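Report on the following structure.
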Amino acid sequence: MDQALQATTLTVTGMTCSGCASKVDKALRGLEGVRDISLHYPETTVGVLHSASVTPEVIRETVTSLGFEVTAA
C-alpha cells in the first residue's frame, strides 16, 4: 500500500516565462517521492503532491537552487 500523500503549495517568484515553469516542473518531478505537480505559467503557485519522504524544505531548496524565490502560498 502506498504511503499517505501530502500536499505542499508554494508561491514561486521570478518565473518570467513558460521555460522557467518547465524548469521548476522538471526539477520537482525528479525528486523521488513526488507524485504530481500542478504548475501552469503565468500563475506563480505550485502544488506538489508527495510522500512523507519529500519534505516541504526539500521542495523549497530544489526550487531556490534554480534561482527562484519561494514563499508559502
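Chain lettering (A, B, ...) mirrors the order of the C-alpha cells, residue numbering begins at 1 for each chain separately, and ligand numbering begins at 1 in order of display.
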Which residues come within 12 Å of A:Thr45, counting only C-alpha atoms, excluding same-chain residues fewer than 4 positions away, as a ChimeraX atom specification?
/A:8-15,21,24-25,37-41,69-73
Mind writing the picked residues with C-alpha atoms as a JSON list (two decimals), in the first residue's frame?
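Below is the file selection.json, written as the result:
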```
[["chain", "number", "residue", "atom", "x", "y", "z"],
["A", 8, "THR", "CA", 2.51, 21.33, -0.36],
["A", 9, "THR", "CA", 1.60, 24.60, -2.02],
["A", 10, "LEU", "CA", 4.18, 27.33, -2.54],
["A", 11, "THR", "CA", 4.46, 30.62, -4.39],
["A", 12, "VAL", "CA", 7.43, 30.88, -6.73],
["A", 13, "THR", "CA", 8.76, 34.35, -7.55],
["A", 14, "GLY", "CA", 10.95, 35.04, -10.57],
["A", 15, "MET", "CA", 9.37, 32.80, -13.22],
["A", 21, "ALA", "CA", 7.93, 26.99, -15.21],
["A", 24, "VAL", "CA", 10.74, 24.07, -12.00],
["A", 25, "ASP", "CA", 8.32, 21.32, -13.03],
["A", 37, "ILE", "CA", 2.89, 18.74, -9.80],
["A", 38, "SER", "CA", 0.39, 21.49, -10.51],
["A", 39, "LEU", "CA", 2.14, 24.46, -12.14],
["A", 40, "HIS", "CA", 0.74, 26.48, -15.02],
["A", 41, "TYR", "CA", 2.59, 29.62, -16.09],
["A", 69, "GLU", "CA", 12.42, 32.64, -4.60],
["A", 70, "VAL", "CA", 9.85, 30.59, -2.71],
["A", 71, "THR", "CA", 7.27, 31.54, -0.08],
["A", 72, "ALA", "CA", 4.34, 29.73, 1.47],
["A", 73, "ALA", "CA", 1.20, 30.16, -0.59]]
```
A:Asp36 surroundings by only C-alpha atoms, 12 Å radius, close-in-sequence under 6 positions cut, as a list in words
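Returned residues: Leu5, Gln6, Ala7, Thr8, Thr9, Asp25, Lys26, Leu28, Arg29, Gly30, Val46, Gly47, Val48, Leu49, His50 and Ser51 of chain A.
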Backbone-only DSSP, strand (DSSP E or B) members of stretch 11-63 of chain A, as a list in words:
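Everything in stretch 11-63 of chain A that counts as strand (DSSP E or B) is Thr11, Val12, Thr13, Val34, Arg35, Asp36, Ile37, Ser38, Thr45, Val46, Gly47, Val48, Leu49, His50 and Ser51 of chain A.
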Please determine, counting only C-alpha atoms, which residue among A:Ala27, A:Thr44, A:Ser53, A:Val34 has the shortest atom-to-atom distance to A:Leu66.
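For A:Leu66, the nearest of the candidates is A:Ala27.
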Among stretch 1-58 of chain A, which residues does DSSP mark as helix (DSSP H, G or I) when it is run on the backbone? Keep the chain and numbering as in the structure and answer as a PyMOL selection string.
chain A and resi 18-29+56-58
